[in-house]
file upload23.tsv (TSV, C-alpha atoms and all ligand atoms)
chain	number	residue	atom	x	y	z
L	21	MET	CA	77.51	143.09	51.24
L	22	ILE	CA	74.35	141.11	50.57
L	23	LEU	CA	71.53	141.65	53.06
L	24	PHE	CA	68.66	139.20	53.28
L	25	GLU	CA	65.37	139.32	55.14
L	26	LYS	CA	62.14	137.37	55.01
L	27	LYS	CA	58.69	138.94	54.99
L	28	GLY	CA	56.28	136.02	55.23
L	29	PHE	CA	56.70	133.97	52.05
L	30	VAL	CA	58.77	136.68	50.37
L	31	GLY	CA	62.56	137.09	50.58
L	32	VAL	CA	64.21	140.48	50.06
L	33	LEU	CA	67.82	140.46	48.93
L	34	THR	CA	69.64	143.82	48.98
L	35	ILE	CA	73.04	144.49	47.40
L	36	SER	CA	74.67	146.75	49.97
L	37	ARG	CA	78.00	148.33	49.17
L	38	PRO	CA	76.74	151.90	48.95
L	39	GLU	CA	80.18	153.52	49.18
L	40	ALA	CA	80.87	152.08	45.69
L	41	LEU	CA	77.26	152.38	44.44
L	42	ASN	CA	76.94	148.62	45.06
L	43	ALA	CA	79.57	147.80	42.40
L	44	LEU	CA	80.12	144.06	42.17
L	45	ASN	CA	83.60	142.87	43.12
L	46	SER	CA	84.61	139.21	43.44
L	47	ALA	CA	83.69	139.04	47.14
L	48	THR	CA	80.18	140.42	46.49
L	49	LEU	CA	79.65	138.00	43.61
L	50	ASP	CA	80.66	135.04	45.80
L	51	GLU	CA	78.37	136.22	48.58
L	52	LEU	CA	75.50	136.59	46.12
L	53	TYR	CA	76.10	133.03	44.93
L	54	ALA	CA	76.13	131.70	48.51
L	55	ARG	CA	72.89	133.56	49.38
L	56	CYS	CA	71.18	132.19	46.29
L	57	GLU	CA	72.16	128.66	47.30
L	58	GLU	CA	70.57	129.27	50.74
L	59	ILE	CA	67.42	130.69	49.14
L	60	LYS	CA	67.25	127.69	46.79
L	61	ASN	CA	67.15	125.38	49.80
L	62	ASP	CA	64.53	127.34	51.77
L	63	PRO	CA	61.18	125.59	51.30
L	64	GLU	CA	59.21	128.46	52.90
L	65	LEU	CA	60.05	131.04	50.23
L	66	ARG	CA	57.65	131.60	47.35
L	67	CYS	CA	59.04	134.76	45.75
L	68	LEU	CA	62.23	136.86	45.92
L	69	ILE	CA	62.75	140.61	45.49
L	70	ILE	CA	66.21	141.93	44.63
L	71	THR	CA	67.13	145.58	45.12
L	72	GLY	CA	70.07	147.87	45.99
L	73	ALA	CA	70.91	149.93	49.08
L	74	GLY	CA	71.17	153.73	48.72
L	75	LYS	CA	70.94	155.64	45.45
L	76	ALA	CA	72.05	152.83	43.14
L	77	PHE	CA	70.67	149.43	42.24
L	78	VAL	CA	74.15	148.34	41.09
L	79	ALA	CA	76.55	150.64	39.18
L	80	GLY	CA	78.26	147.70	37.47
L	81	ALA	CA	81.13	145.33	37.97
L	82	ASP	CA	83.94	146.82	40.06
L	83	ILE	CA	86.09	148.82	37.65
L	84	ALA	CA	88.95	149.20	40.16
L	85	GLU	CA	89.17	145.41	40.46
L	86	MET	CA	88.91	144.84	36.69
L	87	ARG	CA	91.46	147.47	35.70
L	88	GLY	CA	94.60	145.29	36.04
L	89	LEU	CA	93.17	141.91	34.98
L	90	THR	CA	94.88	139.75	32.36
L	91	LYS	CA	92.85	138.11	29.61
L	92	ALA	CA	92.69	134.85	31.57
L	93	GLU	CA	91.66	136.67	34.74
L	94	GLY	CA	89.04	138.61	32.78
L	95	TYR	CA	87.57	135.31	31.60
L	96	GLU	CA	87.58	133.99	35.20
L	97	PHE	CA	85.92	137.19	36.45
L	98	GLY	CA	83.20	136.82	33.81
L	99	MET	CA	82.65	133.18	34.77
L	100	ARG	CA	82.48	134.14	38.43
L	101	GLY	CA	79.70	136.59	37.58
L	102	HIS	CA	77.91	133.92	35.55
L	103	ARG	CA	78.03	131.48	38.47
L	104	ALA	CA	76.35	134.00	40.79
L	105	PHE	CA	73.89	135.41	38.26
L	106	SER	CA	72.83	131.99	36.97
L	107	ALA	CA	72.25	130.86	40.57
L	108	LEU	CA	69.85	133.79	40.94
L	109	GLU	CA	68.20	133.34	37.57
L	110	ASN	CA	67.78	129.59	38.02
L	111	LEU	CA	65.94	129.83	41.34
L	112	GLU	CA	62.66	127.95	40.99
L	113	ILE	CA	60.72	130.73	42.71
L	114	PRO	CA	59.95	133.95	40.76
L	115	VAL	CA	62.41	136.82	41.15
L	116	ILE	CA	61.37	140.49	40.96
L	117	ALA	CA	63.99	143.22	40.46
L	118	ALA	CA	63.02	146.48	42.20
L	119	VAL	CA	65.40	148.84	40.42
L	120	ASN	CA	65.86	151.81	42.74
L	121	GLY	CA	68.59	153.75	40.91
L	122	TYR	CA	71.58	153.19	38.61
L	123	ALA	CA	71.47	149.78	36.92
L	124	LEU	CA	74.55	150.05	34.72
L	125	GLY	CA	76.72	147.33	33.21
L	126	GLY	CA	76.64	144.43	35.68
L	127	GLY	CA	73.68	146.17	37.37
L	128	CYS	CA	71.53	146.08	34.25
L	129	GLU	CA	72.70	142.49	33.76
L	130	LEU	CA	71.68	141.63	37.33
L	131	ALA	CA	68.19	143.06	36.75
L	132	LEU	CA	67.98	140.96	33.57
L	133	CYS	CA	68.26	137.81	35.70
L	134	ALA	CA	64.90	138.61	37.30
L	135	ASP	CA	61.59	137.36	35.90
L	136	ILE	CA	59.85	140.73	36.40
L	137	ARG	CA	61.47	144.18	36.61
L	138	ILE	CA	59.92	147.34	38.01
L	139	ALA	CA	61.71	150.66	38.40
L	140	SER	CA	61.74	153.84	40.41
L	141	GLU	CA	61.37	157.06	38.40
L	142	ARG	CA	65.02	157.73	39.31
L	143	ALA	CA	66.32	154.48	37.79
L	144	LYS	CA	68.82	154.56	34.93
L	145	PHE	CA	69.70	151.58	32.76
L	146	GLY	CA	72.62	151.00	30.44
L	147	GLN	CA	75.42	148.78	29.21
L	148	PRO	CA	78.28	151.32	29.04
L	149	GLU	CA	81.05	148.69	28.83
L	150	VAL	CA	82.25	149.44	25.28
L	151	GLY	CA	83.17	152.90	26.58
L	152	LEU	CA	85.45	151.16	29.09
L	153	GLY	CA	87.17	149.05	26.44
L	154	ILE	CA	85.33	145.82	27.29
L	155	THR	CA	82.13	143.99	26.37
L	156	PRO	CA	79.30	143.36	28.82
L	157	GLY	CA	80.59	140.40	30.84
L	158	PHE	CA	77.85	139.27	33.22
L	159	GLY	CA	75.38	138.07	30.61
L	160	GLY	CA	74.26	141.32	28.96
L	161	THR	CA	75.10	140.21	25.43
L	162	GLN	CA	72.86	137.18	25.93
L	163	ARG	CA	70.08	138.19	28.31
L	164	LEU	CA	69.36	141.66	26.90
L	165	VAL	CA	68.94	140.28	23.40
L	166	ARG	CA	66.59	137.59	24.78
L	167	THR	CA	64.55	140.27	26.61
L	168	VAL	CA	64.09	143.26	24.26
L	169	ASN	CA	64.18	143.32	20.48
L	170	ARG	CA	67.53	142.66	18.83
L	171	ALA	CA	68.06	146.12	17.32
L	172	VAL	CA	67.19	147.76	20.65
L	173	ALA	CA	69.69	145.50	22.47
L	174	MET	CA	72.31	146.21	19.79
L	175	GLY	CA	71.69	149.94	20.15
L	176	MET	CA	72.04	149.87	23.93
L	177	ILE	CA	75.19	147.74	23.98
L	178	LEU	CA	76.98	149.23	20.95
L	179	THR	CA	76.34	152.88	21.82
L	180	GLY	CA	76.71	152.35	25.59
L	181	LYS	CA	74.07	155.05	26.08
L	182	VAL	CA	72.20	155.23	29.37
L	183	ILE	CA	68.38	155.31	29.30
L	184	ASN	CA	65.90	156.53	31.90
L	185	ALA	CA	63.06	154.55	33.48
L	186	GLU	CA	60.41	155.82	31.02
L	187	LYS	CA	62.47	154.64	28.07
L	188	ALA	CA	63.07	151.30	29.83
L	189	LEU	CA	59.29	150.94	30.10
L	190	GLU	CA	58.84	151.82	26.43
L	191	ILE	CA	61.27	149.10	25.27
L	192	GLY	CA	59.83	146.48	27.63
L	193	LEU	CA	62.87	146.24	29.88
L	194	VAL	CA	60.65	147.03	32.88
L	195	THR	CA	56.91	146.53	33.33
L	196	LYS	CA	56.14	149.46	35.64
L	197	VAL	CA	57.66	152.76	36.80
L	198	VAL	CA	56.67	154.22	40.17
L	199	PRO	CA	57.86	157.06	42.42
L	200	GLY	CA	60.91	155.93	44.42
L	201	GLU	CA	59.11	155.86	47.76
L	202	GLN	CA	56.49	153.44	46.38
L	203	LEU	CA	58.96	151.01	44.78
L	204	MET	CA	59.25	148.43	47.56
L	205	ASP	CA	55.49	148.50	48.30
L	206	GLU	CA	54.80	147.87	44.63
L	207	ALA	CA	57.36	145.03	44.51
L	208	MET	CA	55.86	143.50	47.68
L	209	ALA	CA	52.34	143.73	46.20
L	210	ILE	CA	53.45	141.76	43.11
L	211	ALA	CA	55.40	139.28	45.27
L	212	ASN	CA	52.45	138.73	47.61
L	213	ALA	CA	50.08	138.22	44.69
L	214	ILE	CA	52.45	135.52	43.39
L	215	ALA	CA	52.89	134.01	46.86
L	216	GLN	CA	49.11	133.58	47.28
L	217	ASN	CA	49.03	131.18	44.36
L	218	ALA	CA	49.77	127.45	44.43
L	219	PRO	CA	53.57	127.15	44.88
L	220	ILE	CA	54.07	124.06	42.71
L	221	ALA	CA	51.97	125.58	39.91
L	222	VAL	CA	53.90	128.88	40.10
L	223	ARG	CA	57.28	127.14	39.96
L	224	ASN	CA	56.18	124.89	37.09
L	225	ALA	CA	54.75	127.84	35.14
L	226	LYS	CA	58.08	129.68	35.50
L	227	LYS	CA	59.94	126.57	34.39
L	228	ALA	CA	57.68	126.07	31.36
L	229	MET	CA	57.93	129.73	30.27
L	230	ARG	CA	61.73	129.67	30.40
L	231	ARG	CA	62.30	126.68	28.11
L	232	ARG	CA	62.93	128.66	24.92
L	233	TYR	CA	64.73	131.44	26.80
L	234	LEU	CA	67.23	128.96	28.26
L	235	ASP	CA	68.04	127.37	24.89
L	236	ALA	CA	71.87	127.36	24.60
L	237	LEU	CA	72.16	130.06	27.28
L	238	ASP	CA	74.97	128.38	29.26
L	239	ALA	CA	77.15	127.90	26.16
L	240	ASP	CA	76.41	131.47	25.06
L	241	LEU	CA	77.43	132.81	28.47
L	242	GLU	CA	80.71	130.96	28.24
L	243	ALA	CA	81.30	132.39	24.78
L	244	GLU	CA	80.61	135.85	26.20
L	245	ALA	CA	83.19	135.27	28.98
L	246	LYS	CA	85.84	134.41	26.36
L	247	LEU	CA	85.11	137.55	24.31
L	248	PHE	CA	85.01	139.63	27.50
L	249	GLY	CA	88.37	138.21	28.64
L	250	ASP	CA	89.93	138.98	25.24
L	251	CYS	CA	89.32	142.71	25.79
L	252	PHE	CA	91.71	142.80	28.76
L	253	GLU	CA	95.39	143.77	28.48
L	254	THR	CA	94.47	146.05	25.54
L	255	GLU	CA	95.60	149.67	25.60
L	256	ASP	CA	92.01	150.88	25.24
L	257	GLN	CA	90.77	148.86	28.26
L	258	GLN	CA	93.66	149.97	30.44
L	259	MET	CA	93.37	153.63	29.41
L	260	ALA	CA	89.58	153.83	29.92
L	261	MET	CA	89.53	152.03	33.28
L	262	THR	CA	92.50	154.03	34.55
L	263	ALA	CA	90.67	157.24	33.59
L	264	PHE	CA	87.59	156.12	35.59
L	265	VAL	CA	89.57	155.07	38.66
L	266	GLU	CA	91.87	158.11	38.64
L	267	LYS	CA	89.02	160.48	37.65
L	268	THR	CA	90.91	161.82	34.64
L	269	GLU	CA	89.80	162.53	31.07
L	270	LYS	CA	89.53	159.52	28.73
L	271	LYS	CA	91.71	159.70	25.59
L	272	PRO	CA	90.31	158.73	22.15
L	273	PHE	CA	90.24	154.96	21.59
L	274	THR	CA	92.88	153.61	19.18
L	275	GLY	CA	91.78	150.00	18.64
L	276	LYS	CA	94.95	148.69	20.28
L	301	LIG	N1	83.18	150.19	39.97
L	301	LIG	C1	83.90	150.65	41.00
L	301	LIG	N2	83.58	151.76	41.69
L	301	LIG	C2	82.47	152.42	41.31
L	301	LIG	C3	81.67	151.99	40.24
L	301	LIG	C4	82.06	150.81	39.55
L	301	LIG	N3	81.35	150.29	38.54
L	301	LIG	N4	80.65	152.86	40.08
L	301	LIG	C5	80.80	153.80	41.04
L	301	LIG	N5	81.90	153.53	41.76
L	301	LIG	C6	82.43	154.31	42.91
L	301	LIG	C7	83.12	155.57	42.42
L	301	LIG	O1	84.46	155.29	42.06
L	301	LIG	C8	83.03	156.44	43.66
L	301	LIG	O2	84.02	156.04	44.58
L	301	LIG	P1	84.84	157.15	45.44
L	301	LIG	O3	83.78	157.86	46.24
L	301	LIG	O4	85.76	156.32	46.27
L	301	LIG	O5	85.49	158.04	44.45
L	301	LIG	C9	81.68	156.05	44.26
L	301	LIG	O6	81.34	154.77	43.70
L	301	LIG	C10	80.57	157.02	43.89
L	301	LIG	O7	80.56	157.13	42.48
L	301	LIG	P2	80.59	158.55	41.73
L	301	LIG	O8	81.34	159.54	42.53
L	301	LIG	O9	81.08	158.29	40.32
L	301	LIG	O10	79.03	158.89	41.73
L	301	LIG	P3	78.23	159.84	40.72
L	301	LIG	O11	76.88	159.99	41.31
L	301	LIG	O12	79.04	161.04	40.35
L	301	LIG	O13	78.14	158.96	39.35
L	301	LIG	C11	77.70	156.97	38.09
L	301	LIG	C12	77.37	157.81	39.35
L	301	LIG	C13	77.27	157.72	36.82
L	301	LIG	C14	76.93	155.66	38.20
L	301	LIG	C15	79.23	156.72	38.03
L	301	LIG	O14	79.65	156.22	39.30
L	301	LIG	C16	79.65	155.72	36.98
L	301	LIG	O15	79.70	156.04	35.81
L	301	LIG	N6	79.97	154.46	37.42
L	301	LIG	C17	80.43	153.44	36.52
L	301	LIG	C18	79.29	152.89	35.68
L	301	LIG	C19	79.81	151.84	34.72
L	301	LIG	O16	80.57	152.13	33.81
L	301	LIG	N7	79.39	150.57	34.92
L	301	LIG	C20	79.81	149.48	34.12
L	301	LIG	C21	80.99	148.81	34.72
L	301	LIG	S1	81.70	147.58	33.66
L	301	LIG	C22	80.77	146.17	33.90
L	301	LIG	O17	79.78	146.17	34.60
L	301	LIG	C23	81.31	144.98	33.19
L	301	LIG	C24	80.51	143.76	33.22
L	301	LIG	O18	79.50	143.63	32.55
L	301	LIG	C25	80.99	142.61	33.96
call {"tool": "encode", "arguments": {"input": "upload23.tsv", "output": "structure tokens"}}
result
Amino acid sequence: MILFEKKGFVGVLTISRPEALNALNSATLDELYARCEEIKNDPELRCLIITGAGKAFVAGADIAEMRGLTKAEGYEFGMRGHRAFSALENLEIPVIAAVNGYALGGGCELALCADIRIASERAKFGQPEVGLGITPGFGGTQRLVRTVNRAVAMGMILTGKVINAEKALEIGLVTKVVPGEQLMDEAMAIANAIAQNAPIAVRNAKKAMRRRYLDALDADLEAEAKLFGDCFETEDQQMAMTAFVEKTEKKPFTGK
């Protein structure tokens, strides 16, 4: 479910579960973690691009898998996501997200783990979790607020509204929007420009720039996992996820 290829000094990691719009289930998260560990130990690599196969970047965490989780299992699922996403984010080499399509929920959160994000004109971003009876659970409550301004992050997470690539550019979530067919060339051009520079200096610059960003992040991610887990076994979570899986109409939320 995770494809990896090397192009010179640049690695390209592709989330590939197109039948489910690359939704992240436990197996995909564990594979992502394992790939990141391999990349970490590859001394030839100088930059990594992450993208998705087909029409989505990643359409979120797997709703079918989450639907029946208990609170404790919800917490574990969140922590499993954190293990994989932090392994990606903590790579010493720069990471570029080439967002080719839907980046919703866990997909937007995955893109947030990258150092630089660029998007196809078709890309869509959002944290729609509150409409599923849960909070963002793979770092969105922490990384989005550290990336765009607080009110913008609050607006995205609390309304659950999806935004297009132009809007993502306007709020600083991505740095460039290009036609879909140019996305990977553009990502490779940025990656190659980085890879031409002195590797130790590039890694140290990334490390230095992330000092403030990383402040208390691990503890905050754990706090997020607890709050995420607490949303499970509620009537609202079960109703909304069942409606998605069974393709039926959602009922009004009751707060139970
Ligand atoms: N989980 C599981 N399956 C998913 C999925 C997800 N997040 N997103 C899409 N799929 C599956 C669909 O069930 C469908 O499967 P079948 O063909 O077997 O029915 C297949 O992928 C194609 O999806 P659609 O038919 O829905 O495609 P579409 O083009 O009509 O709609 C979409 C695309 C708007 C992205 C829609 O699929 C959608 O709304 N997906 C869910 C988005 C979402 O809510 N993401 C957040 C998840 S919660 C989360 O991520 C929590 C966290 O932080 C940890």
call {"tool": "residues_near_ligand", "arguments": {"input": "upload23.tsv", "ligand": "ligand LIG 301 (chain L)", "cutoff": "9 Å", "atoms": "all atoms listed in the file", "output": "VMD selection string"}}
result
chain L and resid 38 to 45 75 to 76 78 to 86 97 to 98 101 121 to 129 144 146 to 152 154 to 160 248 261 264 to 267
call {"tool": "atom_distance", "arguments": {"input": "upload23.tsv", "atom1": "atom CA of L:Glu206", "atom2": "atom CA of L:Gly180"}}
result
29.4 Å
call {"tool": "atom_distance", "arguments": {"input": "upload23.tsv", "atom1": "atom CA of L:Pro272", "atom2": "atom CA of L:Met259"}}
result
9.4 Å
call {"tool": "closest_atom_pairs", "arguments": {"input": "upload23.tsv", "of": "stretch 132-171 of chain L", "to": "stretch 235-239 of chain L", "cutoff": "10 Å", "atoms": "only C-alpha atoms", "output": "CSV"}}
result
residue,atom,partner,partner_atom,distance
L:Gly159,CA,L:Leu237,CA,9.3
L:Gln162,CA,L:Leu237,CA,7.3
L:Arg163,CA,L:Leu237,CA,8.5
L:Arg166,CA,L:Leu237,CA,9.7
call {"tool": "write_last_selection", "arguments": {"input": "upload23.tsv", "atoms": "C-alpha atoms", "output": "PDB file, in the coordinates of the input"}}
result
ATOM      1  CA  GLY L 159      75.380 138.070  30.610  1.00  0.00           C
ATOM      2  CA  GLN L 162      72.860 137.180  25.930  1.00  0.00           C
ATOM      3  CA  ARG L 163      70.080 138.190  28.310  1.00  0.00           C
ATOM      4  CA  ARG L 166      66.590 137.590  24.780  1.00  0.00           C
TER       5      ARG L 166
END
call {"tool": "atom_distance", "arguments": {"input": "upload23.tsv", "atom1": "atom CA of L:Val32", "atom2": "atom CA of L:Arg66"}}
result
11.4 Å
call {"tool": "closest_residue", "arguments": {"input": "upload23.tsv", "among": "L:Glu186, L:Glu253, L:Asp50, L:Glu269", "to": "L:Met99", "atoms": "only C-alpha atoms"}}
result
L:Asp50
call {"tool": "axis_aligned_box", "arguments": {"input": "upload23.tsv", "around": "stretch 77-81 of chain L", "padding_each_side": "4 Å", "output": "lines of an AutoDock Vina configuration file"}}
result
center_x = 75.9
center_y = 148.0
center_z = 39.9
size_x = 18.5
size_y = 13.3
size_z = 12.8
call {"tool": "residues_around", "arguments": {"input": "upload23.tsv", "residues": "stretch 133-137 of chain L", "least_positions_apart": "4", "cutoff": "6 Å", "atoms": "all atoms listed in the file", "output": "number ranges by chain"}}
result
L: 109, 115-117, 194
call {"tool": "residues_around", "arguments": {"input": "upload23.tsv", "residues": "stretch 254-257 of chain L", "least_positions_apart": "3", "cutoff": "7 Å", "atoms": "all atoms listed in the file", "output": "list in words"}}
result
Leu152, Gly153, Ile154, Cys251, Ala260, Met261, Phe273, Thr274, Gly275 and Lys276 of chain L
call {"tool": "residues_around", "arguments": {"input": "upload23.tsv", "residues": "L:Lys26", "least_positions_apart": "4", "cutoff": "10 Å", "atoms": "all atoms listed in the file", "output": "PDB file with C-alpha atoms, keeping the file's coordinate frame"}}
result
ATOM      1  CA  VAL L  30      58.770 136.680  50.370  1.00  0.00           C
ATOM      2  CA  GLY L  31      62.560 137.090  50.580  1.00  0.00           C
ATOM      3  CA  VAL L  32      64.210 140.480  50.060  1.00  0.00           C
ATOM      4  CA  LEU L  33      67.820 140.460  48.930  1.00  0.00           C
ATOM      5  CA  GLU L  64      59.210 128.460  52.900  1.00  0.00           C
ATOM      6  CA  LEU L  65      60.050 131.040  50.230  1.00  0.00           C
ATOM      7  CA  LEU L  68      62.230 136.860  45.920  1.00  0.00           C
TER       8      LEU L  68
END
call {"tool": "decode", "arguments": {"input": "upload23.tsv", "residues": "stretch 167-186 of chain L", "atoms": "N, CA, C and O atoms", "output": "PDB file, in the first residue's frame"}}
result
ATOM      1  N   THR L 167       0.661  25.739  11.758  1.00  0.00           N
ATOM      2  CA  THR L 167       1.006  25.972  10.354  1.00  0.00           C
ATOM      3  C   THR L 167       0.299  27.196   9.780  1.00  0.00           C
ATOM      4  O   THR L 167       0.900  28.006   9.081  1.00  0.00           O
ATOM      5  N   VAL L 168      -1.015  27.328  10.072  1.00  0.00           N
ATOM      6  CA  VAL L 168      -1.761  28.507   9.601  1.00  0.00           C
ATOM      7  C   VAL L 168      -2.216  29.264  10.847  1.00  0.00           C
ATOM      8  O   VAL L 168      -2.041  28.780  11.961  1.00  0.00           O
ATOM      9  N   ASN L 169      -2.818  30.444  10.644  1.00  0.00           N
ATOM     10  CA  ASN L 169      -3.165  31.204  11.863  1.00  0.00           C
ATOM     11  C   ASN L 169      -4.292  30.524  12.638  1.00  0.00           C
ATOM     12  O   ASN L 169      -5.042  29.729  12.109  1.00  0.00           O
ATOM     13  N   ARG L 170      -4.340  30.826  13.940  1.00  0.00           N
ATOM     14  CA  ARG L 170      -5.182  30.047  14.859  1.00  0.00           C
ATOM     15  C   ARG L 170      -6.655  30.095  14.481  1.00  0.00           C
ATOM     16  O   ARG L 170      -7.349  29.074  14.490  1.00  0.00           O
ATOM     17  N   ALA L 171      -7.141  31.287  14.099  1.00  0.00           N
ATOM     18  CA  ALA L 171      -8.566  31.408  13.764  1.00  0.00           C
ATOM     19  C   ALA L 171      -8.876  30.625  12.479  1.00  0.00           C
ATOM     20  O   ALA L 171      -9.956  30.039  12.346  1.00  0.00           O
ATOM     21  N   VAL L 172      -7.918  30.619  11.558  1.00  0.00           N
ATOM     22  CA  VAL L 172      -8.121  29.870  10.309  1.00  0.00           C
ATOM     23  C   VAL L 172      -8.178  28.369  10.627  1.00  0.00           C
ATOM     24  O   VAL L 172      -9.045  27.636  10.126  1.00  0.00           O
ATOM     25  N   ALA L 173      -7.265  27.902  11.482  1.00  0.00           N
ATOM     26  CA  ALA L 173      -7.264  26.481  11.872  1.00  0.00           C
ATOM     27  C   ALA L 173      -8.557  26.142  12.606  1.00  0.00           C
ATOM     28  O   ALA L 173      -9.184  25.112  12.337  1.00  0.00           O
ATOM     29  N   MET L 174      -8.962  27.019  13.520  1.00  0.00           N
ATOM     30  CA  MET L 174     -10.230  26.800  14.252  1.00  0.00           C
ATOM     31  C   MET L 174     -11.385  26.700  13.261  1.00  0.00           C
ATOM     32  O   MET L 174     -12.229  25.811  13.367  1.00  0.00           O
ATOM     33  N   GLY L 175     -11.417  27.614  12.315  1.00  0.00           N
ATOM     34  CA  GLY L 175     -12.504  27.623  11.325  1.00  0.00           C
ATOM     35  C   GLY L 175     -12.541  26.329  10.541  1.00  0.00           C
ATOM     36  O   GLY L 175     -13.606  25.728  10.359  1.00  0.00           O
ATOM     37  N   MET L 176     -11.378  25.877  10.081  1.00  0.00           N
ATOM     38  CA  MET L 176     -11.348  24.642   9.286  1.00  0.00           C
ATOM     39  C   MET L 176     -11.799  23.441  10.109  1.00  0.00           C
ATOM     40  O   MET L 176     -12.577  22.608   9.658  1.00  0.00           O
ATOM     41  N   ILE L 177     -11.279  23.329  11.329  1.00  0.00           N
ATOM     42  CA  ILE L 177     -11.562  22.128  12.136  1.00  0.00           C
ATOM     43  C   ILE L 177     -12.974  22.164  12.723  1.00  0.00           C
ATOM     44  O   ILE L 177     -13.660  21.147  12.757  1.00  0.00           O
ATOM     45  N   LEU L 178     -13.437  23.341  13.147  1.00  0.00           N
ATOM     46  CA  LEU L 178     -14.746  23.395  13.824  1.00  0.00           C
ATOM     47  C   LEU L 178     -15.925  23.408  12.856  1.00  0.00           C
ATOM     48  O   LEU L 178     -17.011  22.948  13.197  1.00  0.00           O
ATOM     49  N   THR L 179     -15.691  23.922  11.625  1.00  0.00           N
ATOM     50  CA  THR L 179     -16.783  23.840  10.629  1.00  0.00           C
ATOM     51  C   THR L 179     -16.687  22.539   9.837  1.00  0.00           C
ATOM     52  O   THR L 179     -17.682  22.069   9.300  1.00  0.00           O
ATOM     53  N   GLY L 180     -15.484  21.980   9.717  1.00  0.00           N
ATOM     54  CA  GLY L 180     -15.293  20.775   8.905  1.00  0.00           C
ATOM     55  C   GLY L 180     -15.387  21.041   7.418  1.00  0.00           C
ATOM     56  O   GLY L 180     -15.405  20.112   6.613  1.00  0.00           O
ATOM     57  N   LYS L 181     -15.412  22.327   7.028  1.00  0.00           N
ATOM     58  CA  LYS L 181     -15.601  22.659   5.609  1.00  0.00           C
ATOM     59  C   LYS L 181     -14.358  22.339   4.786  1.00  0.00           C
ATOM     60  O   LYS L 181     -13.232  22.523   5.235  1.00  0.00           O
ATOM     61  N   VAL L 182     -14.608  21.891   3.558  1.00  0.00           N
ATOM     62  CA  VAL L 182     -13.515  21.545   2.646  1.00  0.00           C
ATOM     63  C   VAL L 182     -13.156  22.784   1.823  1.00  0.00           C
ATOM     64  O   VAL L 182     -14.036  23.535   1.404  1.00  0.00           O
ATOM     65  N   ILE L 183     -11.844  23.006   1.624  1.00  0.00           N
ATOM     66  CA  ILE L 183     -11.405  24.159   0.828  1.00  0.00           C
ATOM     67  C   ILE L 183     -10.673  23.675  -0.424  1.00  0.00           C
ATOM     68  O   ILE L 183     -10.118  22.582  -0.438  1.00  0.00           O
ATOM     69  N   ASN L 184     -10.667  24.527  -1.449  1.00  0.00           N
ATOM     70  CA  ASN L 184      -9.971  24.146  -2.689  1.00  0.00           C
ATOM     71  C   ASN L 184      -8.502  24.596  -2.637  1.00  0.00           C
ATOM     72  O   ASN L 184      -8.058  25.242  -1.674  1.00  0.00           O
ATOM     73  N   ALA L 185      -7.768  24.274  -3.686  1.00  0.00           N
ATOM     74  CA  ALA L 185      -6.327  24.534  -3.689  1.00  0.00           C
ATOM     75  C   ALA L 185      -6.023  26.033  -3.631  1.00  0.00           C
ATOM     76  O   ALA L 185      -5.078  26.452  -2.953  1.00  0.00           O
ATOM     77  N   GLU L 186      -6.821  26.851  -4.324  1.00  0.00           N
ATOM     78  CA  GLU L 186      -6.588  28.308  -4.314  1.00  0.00           C
ATOM     79  C   GLU L 186      -6.702  28.859  -2.895  1.00  0.00           C
ATOM     80  O   GLU L 186      -5.901  29.684  -2.468  1.00  0.00           O
TER      81      GLU L 186
END
